[in-house]
>>> print(open('my_file_2.pdb').read())   # PDB, C-alpha atoms
ATOM      1  CA  MET A 398     103.095  75.126 117.341  1.00  0.00           C
ATOM      2  CA  VAL A 399     105.102  72.897 119.658  1.00  0.00           C
ATOM      3  CA  ALA A 400     108.791  73.252 120.418  1.00  0.00           C
ATOM      4  CA  ALA A 401     110.700  70.979 122.762  1.00  0.00           C
ATOM      5  CA  SER A 402     114.273  70.594 123.925  1.00  0.00           C
ATOM      6  CA  HIS A 403     114.074  66.803 123.572  1.00  0.00           C
ATOM      7  CA  PRO A 404     112.391  64.800 120.788  1.00  0.00           C
ATOM      8  CA  SER A 405     110.323  62.642 123.135  1.00  0.00           C
ATOM      9  CA  LEU A 406     108.752  65.523 125.099  1.00  0.00           C
ATOM     10  CA  PRO A 407     106.054  66.487 122.560  1.00  0.00           C
ATOM     11  CA  GLU A 408     104.386  63.178 123.442  1.00  0.00           C
ATOM     12  CA  LEU A 409     103.628  64.639 126.879  1.00  0.00           C
ATOM     13  CA  ILE A 410     101.690  67.465 125.224  1.00  0.00           C
ATOM     14  CA  ASP A 411      99.829  65.041 122.952  1.00  0.00           C
ATOM     15  CA  VAL A 412      98.797  62.903 125.933  1.00  0.00           C
ATOM     16  CA  GLN A 413      97.364  65.950 127.698  1.00  0.00           C
ATOM     17  CA  VAL A 414      95.458  67.128 124.646  1.00  0.00           C
ATOM     18  CA  ARG A 415      94.045  63.650 123.953  1.00  0.00           C
ATOM     19  CA  SER A 416      93.008  63.028 127.574  1.00  0.00           C
ATOM     20  CA  GLY A 417      91.784  66.587 128.139  1.00  0.00           C
ATOM     21  CA  ARG A 418      93.760  66.958 131.339  1.00  0.00           C
ATOM     22  CA  GLY A 419      97.294  67.592 132.478  1.00  0.00           C
ATOM     23  CA  PRO A 420      99.527  70.277 133.931  1.00  0.00           C
ATOM     24  CA  ILE A 421      99.666  72.400 130.766  1.00  0.00           C
ATOM     25  CA  LEU A 422      95.876  72.443 130.460  1.00  0.00           C
ATOM     26  CA  ASP A 423      95.528  73.269 134.162  1.00  0.00           C
ATOM     27  CA  ALA A 424      98.048  76.120 133.840  1.00  0.00           C
ATOM     28  CA  LEU A 425      96.154  77.464 130.818  1.00  0.00           C
ATOM     29  CA  GLY A 426      92.801  77.131 132.564  1.00  0.00           C
ATOM     30  CA  ARG A 427      93.743  78.538 135.955  1.00  0.00           C
ATOM     31  CA  GLY A 428      96.443  80.985 134.926  1.00  0.00           C
ATOM     32  CA  GLU A 429      98.709  79.620 137.664  1.00  0.00           C
ATOM     33  CA  PRO A 430     101.721  77.300 137.581  1.00  0.00           C
ATOM     34  CA  ALA A 431     100.790  73.622 137.687  1.00  0.00           C
ATOM     35  CA  GLU A 432     103.343  71.607 139.607  1.00  0.00           C
ATOM     36  CA  CYS A 433     103.942  67.895 139.590  1.00  0.00           C
ATOM     37  CA  PRO A 434     106.565  67.285 142.295  1.00  0.00           C
ATOM     38  CA  ASP A 435     106.774  63.529 141.618  1.00  0.00           C
ATOM     39  CA  THR A 436     105.075  61.702 138.777  1.00  0.00           C
ATOM     40  CA  LEU A 437     105.104  58.489 140.833  1.00  0.00           C
ATOM     41  CA  ASP A 438     102.708  60.129 143.321  1.00  0.00           C
ATOM     42  CA  GLU A 439     100.614  62.057 140.771  1.00  0.00           C
ATOM     43  CA  THR A 440      96.873  61.278 140.890  1.00  0.00           C
ATOM     44  CA  ARG A 441      95.350  64.360 139.150  1.00  0.00           C
ATOM     45  CA  TRP A 442      96.623  63.464 135.681  1.00  0.00           C
ATOM     46  CA  PRO A 443      97.126  59.699 135.399  1.00  0.00           C
ATOM     47  CA  GLU A 444      97.627  59.668 131.613  1.00  0.00           C
ATOM     48  CA  TYR A 445     100.240  62.399 131.849  1.00  0.00           C
ATOM     49  CA  ALA A 446     102.007  60.750 134.798  1.00  0.00           C
ATOM     50  CA  SER A 447     102.219  57.437 132.973  1.00  0.00           C
ATOM     51  CA  ALA A 448     103.599  59.031 129.795  1.00  0.00           C
ATOM     52  CA  ALA A 449     106.026  61.185 131.807  1.00  0.00           C
ATOM     53  CA  LEU A 450     107.381  58.153 133.624  1.00  0.00           C
ATOM     54  CA  ARG A 451     107.911  56.362 130.287  1.00  0.00           C
ATOM     55  CA  GLN A 452     109.990  59.367 129.185  1.00  0.00           C
ATOM     56  CA  GLY A 453     111.991  59.445 132.419  1.00  0.00           C
ATOM     57  CA  VAL A 454     110.299  62.590 133.742  1.00  0.00           C
ATOM     58  CA  ARG A 455     109.899  62.530 137.513  1.00  0.00           C
ATOM     59  CA  CYS A 456     108.755  66.125 138.135  1.00  0.00           C
ATOM     60  CA  SER A 457     107.514  69.078 136.142  1.00  0.00           C
ATOM     61  CA  ILE A 458     106.184  72.617 136.316  1.00  0.00           C
ATOM     62  CA  SER A 459     103.921  74.054 133.612  1.00  0.00           C
ATOM     63  CA  LEU A 460     103.101  77.739 133.203  1.00  0.00           C
ATOM     64  CA  ALA A 461     100.956  79.611 130.718  1.00  0.00           C
ATOM     65  CA  HIS A 462     100.616  83.164 129.466  1.00  0.00           C
ATOM     66  CA  ARG A 463      97.576  84.428 127.572  1.00  0.00           C
ATOM     67  CA  SER A 464      97.721  87.360 125.187  1.00  0.00           C
ATOM     68  CA  GLY A 465      94.296  87.907 123.666  1.00  0.00           C
ATOM     69  CA  ALA A 466      93.368  84.803 121.698  1.00  0.00           C
ATOM     70  CA  GLU A 467      96.960  83.583 121.752  1.00  0.00           C
ATOM     71  CA  SER A 468      98.595  81.627 124.541  1.00  0.00           C
ATOM     72  CA  VAL A 469     102.078  80.391 125.320  1.00  0.00           C
ATOM     73  CA  SER A 470     102.897  77.575 127.684  1.00  0.00           C
ATOM     74  CA  LEU A 471     106.222  76.512 129.111  1.00  0.00           C
ATOM     75  CA  SER A 472     106.967  73.287 130.920  1.00  0.00           C
ATOM     76  CA  LEU A 473     110.134  72.450 132.796  1.00  0.00           C
ATOM     77  CA  TYR A 474     110.979  68.806 133.419  1.00  0.00           C
ATOM     78  CA  SER A 475     113.419  66.980 135.661  1.00  0.00           C
ATOM     79  CA  ALA A 476     114.549  63.387 135.751  1.00  0.00           C
ATOM     80  CA  ARG A 477     114.667  63.592 139.552  1.00  0.00           C
ATOM     81  CA  PRO A 478     111.634  64.150 141.809  1.00  0.00           C
ATOM     82  CA  ARG A 479     111.106  67.442 143.646  1.00  0.00           C
ATOM     83  CA  MET A 480     113.913  69.206 141.782  1.00  0.00           C
ATOM     84  CA  LEU A 481     111.820  72.123 140.474  1.00  0.00           C
ATOM     85  CA  GLY A 482     110.957  74.565 143.229  1.00  0.00           C
ATOM     86  CA  PRO A 483     110.247  78.283 143.724  1.00  0.00           C
ATOM     87  CA  ASP A 484     113.454  79.382 141.967  1.00  0.00           C
ATOM     88  CA  SER A 485     112.472  77.374 138.902  1.00  0.00           C
ATOM     89  CA  ILE A 486     109.010  78.953 138.907  1.00  0.00           C
ATOM     90  CA  ALA A 487     110.450  82.475 139.042  1.00  0.00           C
ATOM     91  CA  LEU A 488     112.720  81.802 136.055  1.00  0.00           C
ATOM     92  CA  ALA A 489     109.955  80.020 134.132  1.00  0.00           C
ATOM     93  CA  GLU A 490     107.545  82.916 134.768  1.00  0.00           C
ATOM     94  CA  ARG A 491     110.036  85.352 133.256  1.00  0.00           C
ATOM     95  CA  LEU A 492     110.511  83.107 130.228  1.00  0.00           C
ATOM     96  CA  VAL A 493     106.822  82.451 129.629  1.00  0.00           C
ATOM     97  CA  ASN A 494     105.991  86.158 130.020  1.00  0.00           C
ATOM     98  CA  LEU A 495     108.699  87.018 127.511  1.00  0.00           C
ATOM     99  CA  GLY A 496     107.340  84.394 125.116  1.00  0.00           C
ATOM    100  CA  GLY A 497     103.820  85.700 125.641  1.00  0.00           C
ATOM    101  CA  SER A 498     104.929  89.239 124.852  1.00  0.00           C
ATOM    102  CA  VAL A 499     106.637  88.096 121.666  1.00  0.00           C
ATOM    103  CA  VAL A 500     103.536  86.177 120.559  1.00  0.00           C
ATOM    104  CA  GLY A 501     101.346  89.175 121.415  1.00  0.00           C
ATOM    105  CA  PHE A 502     103.552  91.547 119.398  1.00  0.00           C
ATOM    106  CA  ALA A 503     103.620  89.116 116.474  1.00  0.00           C
ATOM    107  CA  SER A 504      99.833  88.857 116.565  1.00  0.00           C
ATOM    108  CA  GLU A 505      99.435  92.650 116.649  1.00  0.00           C
ATOM    109  CA  TYR A 506     101.910  92.976 113.784  1.00  0.00           C
ATOM    110  CA  GLY A 507      99.949  90.421 111.755  1.00  0.00           C
ATOM    111  CA  GLU A 508      96.705  92.293 112.415  1.00  0.00           C
ATOM    112  CA  ALA A 509      98.316  95.581 111.382  1.00  0.00           C
ATOM    113  CA  ARG A 510      99.583  94.010 108.147  1.00  0.00           C
ATOM    114  CA  ARG A 511      96.113  92.608 107.386  1.00  0.00           C
ATOM    115  CA  ALA A 512      94.546  96.020 108.008  1.00  0.00           C
ATOM    116  CA  ALA A 513      97.141  97.705 105.775  1.00  0.00           C
ATOM    117  CA  ARG A 514      96.468  95.174 103.002  1.00  0.00           C
ATOM    118  CA  GLN A 515      92.717  95.717 103.315  1.00  0.00           C
ATOM    119  CA  LEU A 516      93.176  99.481 103.134  1.00  0.00           C
ATOM    120  CA  GLN A 517      95.435  99.127 100.103  1.00  0.00           C
ATOM    121  CA  ASP A 518      92.910  96.816  98.397  1.00  0.00           C
ATOM    122  CA  ALA A 519      90.113  99.277  99.185  1.00  0.00           C
ATOM    123  CA  ALA A 520      92.105 102.167  97.736  1.00  0.00           C
ATOM    124  CA  GLU A 521      92.864 100.184  94.578  1.00  0.00           C
ATOM    125  CA  SER A 522      89.209  99.163  94.253  1.00  0.00           C
ATOM    126  CA  ARG A 523      88.133 102.743  94.701  1.00  0.00           C
ATOM    127  CA  ALA A 524      90.481 103.858  91.921  1.00  0.00           C
ATOM    128  CA  VAL A 525      89.085 101.218  89.537  1.00  0.00           C
ATOM    129  CA  VAL A 526      85.480 102.167  90.367  1.00  0.00           C
ATOM    130  CA  ASP A 527      86.251 105.885  89.909  1.00  0.00           C
ATOM    131  CA  GLN A 528      87.883 105.200  86.552  1.00  0.00           C
ATOM    132  CA  ALA A 529      84.876 103.143  85.404  1.00  0.00           C
ATOM    133  CA  LYS A 530      82.531 105.921  86.552  1.00  0.00           C
ATOM    134  CA  GLY A 531      84.480 108.310  84.355  1.00  0.00           C
ATOM    135  CA  VAL A 532      84.140 105.980  81.365  1.00  0.00           C
ATOM    136  CA  LEU A 533      80.389 105.683  81.923  1.00  0.00           C
ATOM    137  CA  MET A 534      79.924 109.418  82.475  1.00  0.00           C
ATOM    138  CA  HIS A 535      81.676 110.128  79.191  1.00  0.00           C
ATOM    139  CA  ALA A 536      79.995 107.344  77.203  1.00  0.00           C
ATOM    140  CA  LEU A 537      76.481 107.762  78.586  1.00  0.00           C
ATOM    141  CA  GLY A 538      76.478 111.458  79.409  1.00  0.00           C
ATOM    142  CA  CYS A 539      75.401 110.788  83.000  1.00  0.00           C
ATOM    143  CA  SER A 540      76.447 112.010  86.449  1.00  0.00           C
ATOM    144  CA  ALA A 541      78.899 110.212  88.756  1.00  0.00           C
ATOM    145  CA  ASP A 542      76.026 109.061  90.982  1.00  0.00           C
ATOM    146  CA  GLU A 543      74.105 107.694  87.986  1.00  0.00           C
ATOM    147  CA  ALA A 544      77.204 105.884  86.718  1.00  0.00           C
ATOM    148  CA  LEU A 545      77.741 104.273  90.112  1.00  0.00           C
ATOM    149  CA  GLN A 546      74.058 103.322  90.298  1.00  0.00           C
ATOM    150  CA  ARG A 547      74.293 101.593  86.905  1.00  0.00           C
ATOM    151  CA  MET A 548      77.358  99.649  88.025  1.00  0.00           C
ATOM    152  CA  ARG A 549      75.503  98.553  91.156  1.00  0.00           C
ATOM    153  CA  GLN A 550      72.532  97.395  89.070  1.00  0.00           C
ATOM    154  CA  VAL A 551      74.784  95.289  86.838  1.00  0.00           C
ATOM    155  CA  SER A 552      76.581  94.008  89.928  1.00  0.00           C
ATOM    156  CA  GLN A 553      73.339  92.764  91.467  1.00  0.00           C
ATOM    157  CA  ALA A 554      71.900  91.412  88.225  1.00  0.00           C
ATOM    158  CA  ARG A 555      75.027  89.407  87.393  1.00  0.00           C
ATOM    159  CA  ASN A 556      76.064  88.558  90.951  1.00  0.00           C
ATOM    160  CA  LEU A 557      79.429  90.304  90.591  1.00  0.00           C
ATOM    161  CA  LYS A 558      81.305  92.672  92.838  1.00  0.00           C
ATOM    162  CA  VAL A 559      81.127  96.310  91.808  1.00  0.00           C
ATOM    163  CA  THR A 560      84.902  96.299  91.351  1.00  0.00           C
ATOM    164  CA  GLU A 561      84.594  93.378  88.919  1.00  0.00           C
ATOM    165  CA  VAL A 562      81.938  95.284  86.953  1.00  0.00           C
ATOM    166  CA  ALA A 563      84.236  98.331  86.961  1.00  0.00           C
ATOM    167  CA  THR A 564      87.168  96.261  85.699  1.00  0.00           C
ATOM    168  CA  ARG A 565      85.007  94.906  82.863  1.00  0.00           C
ATOM    169  CA  ILE A 566      83.844  98.418  81.952  1.00  0.00           C
ATOM    170  CA  ILE A 567      87.418  99.667  81.776  1.00  0.00           C
ATOM    171  CA  GLY A 568      88.470  96.737  79.577  1.00  0.00           C
ATOM    172  CA  SER A 569      85.361  96.720  77.364  1.00  0.00           C
ATOM    173  CA  ARG A 570      84.730  98.479  74.093  1.00  0.00           C
ATOM    174  CA  ASP A 571      81.062  97.397  74.118  1.00  0.00           C
ATOM    175  CA  LEU A 572      79.158  98.853  77.067  1.00  0.00           C
ATOM    176  CA  ASP A 573      75.857  97.517  75.694  1.00  0.00           C
ATOM    177  CA  GLY A 574      77.198  93.965  76.064  1.00  0.00           C
ATOM    178  CA  LEU A 575      77.609  94.624  79.785  1.00  0.00           C
ATOM    179  CA  GLY A 576      73.977  95.662  80.171  1.00  0.00           C
ATOM    180  CA  LEU A 577      74.671  99.362  80.648  1.00  0.00           C
TER     181      LEU A 577
END
>>> encode(input="my_file_2.pdb", output="structure tokens")
Amino acid sequence: MVAASHPSLPELIDVQVRSGRGPILDALGRGEPAECPDTLDETRWPEYASAALRQGVRCSISLAHRSGAESVSLSLYSARPRMLGPDSIALAERLVNLGGSVVGFASEYGEARRAARQLQDAAESRAVVDQAKGVLMHALGCSADEALQRMRQVSQARNLKVTEVATRIIGSRDLDGLGL
């Protein structure tokens, strides 16, 4: 996701991604701020410098924060050269760290929701399988282990999940038609 305070600034990100070099990529790779005091004098990232000059950007600082697989970058730009110094870096570091924390918390929250959904799905599947075992135990006069074994055999023979076999057993009046 890209967010910018000016509609022409996302082009500077695109140029860096396309060329494979630029201050944002350096900040992400090194984990340190990447400064461009004057785009007229910049030789490390010619594609970026050219695009920045077209947008009226004369200096920039890019920072990055990694949180697991996620990363957040922040770039500050100025229309005048050498305007972004140590004070700007200190403020930008606080902002990018805050953004990184938010992204990290959001990622952890998403993982927790996925785990909760998986646990809920597993519990529901277990209930369906247990109910089908009960149907088979009653209909076939077998044990719970034998009922589960028969469901597994049908599952493998018909290339279905055991829960799908269980759902069919619960909804069926003809167990012979299911191969049980």
>>> resolve_selection(input="my_file_2.pdb", expression="the PyMOL selection byres ((chain A and resi 448) around 10)", output="tab-separated table (two decimals) with C-alpha atoms, in the frame of the given file")
chain	number	residue	atom	x	y	z
A	406	LEU	CA	108.75	65.52	125.10
A	408	GLU	CA	104.39	63.18	123.44
A	409	LEU	CA	103.63	64.64	126.88
A	410	ILE	CA	101.69	67.46	125.22
A	411	ASP	CA	99.83	65.04	122.95
A	412	VAL	CA	98.80	62.90	125.93
A	413	GLN	CA	97.36	65.95	127.70
A	436	THR	CA	105.08	61.70	138.78
A	443	PRO	CA	97.13	59.70	135.40
A	444	GLU	CA	97.63	59.67	131.61
A	445	TYR	CA	100.24	62.40	131.85
A	446	ALA	CA	102.01	60.75	134.80
A	447	SER	CA	102.22	57.44	132.97
A	449	ALA	CA	106.03	61.18	131.81
A	450	LEU	CA	107.38	58.15	133.62
A	451	ARG	CA	107.91	56.36	130.29
A	452	GLN	CA	109.99	59.37	129.18
A	453	GLY	CA	111.99	59.44	132.42
A	454	VAL	CA	110.30	62.59	133.74
>>> closest_residue(input="my_file_2.pdb", among="A:Val414, A:Ala536, A:Ile421, A:Leu557", to="Val469 of chain A", atoms="only C-alpha atoms")
A:Ile421
>>> closest_residue(input="my_file_2.pdb", among="A:Glu505, A:Asp484, A:Glu490, A:Asp423", to="Ser464 of chain A", atoms="only C-alpha atoms")
A:Glu505
>>> closest_residue(input="my_file_2.pdb", among="A:Leu533, A:Ala519, A:Val526, A:Leu437", to="Arg479 of chain A", atoms="all atoms listed in the file")
A:Leu437
>>> resolve_selection(input="my_file_2.pdb", expression="the PyMOL selection byres ((chain A and resi 422) around 12)", output="PyMOL selection string")
chain A and resi 409-421+423-432+441-442+445+458-462+468-472
>>> atom_distance(input="my_file_2.pdb", atom1="atom CA of Arg549 of chain A", atom2="atom CA of Ala513 of chain A")
26.1 Å
>>> closest_residue(input="my_file_2.pdb", among="A:Arg514, A:Leu473, A:Ile566, A:Leu537", to="Val551 of chain A", atoms="all atoms listed in the file")
A:Ile566
>>> closest_residue(input="my_file_2.pdb", among="A:Ala466, A:Ala529, A:Thr564, A:Pro478", to="Asp438 of chain A", atoms="only C-alpha atoms")
A:Pro478
>>> closest_residue(input="my_file_2.pdb", among="A:Val493, A:Val499, A:Leu516, A:Ala544", to="Val559 of chain A", atoms="all atoms listed in the file")
A:Ala544
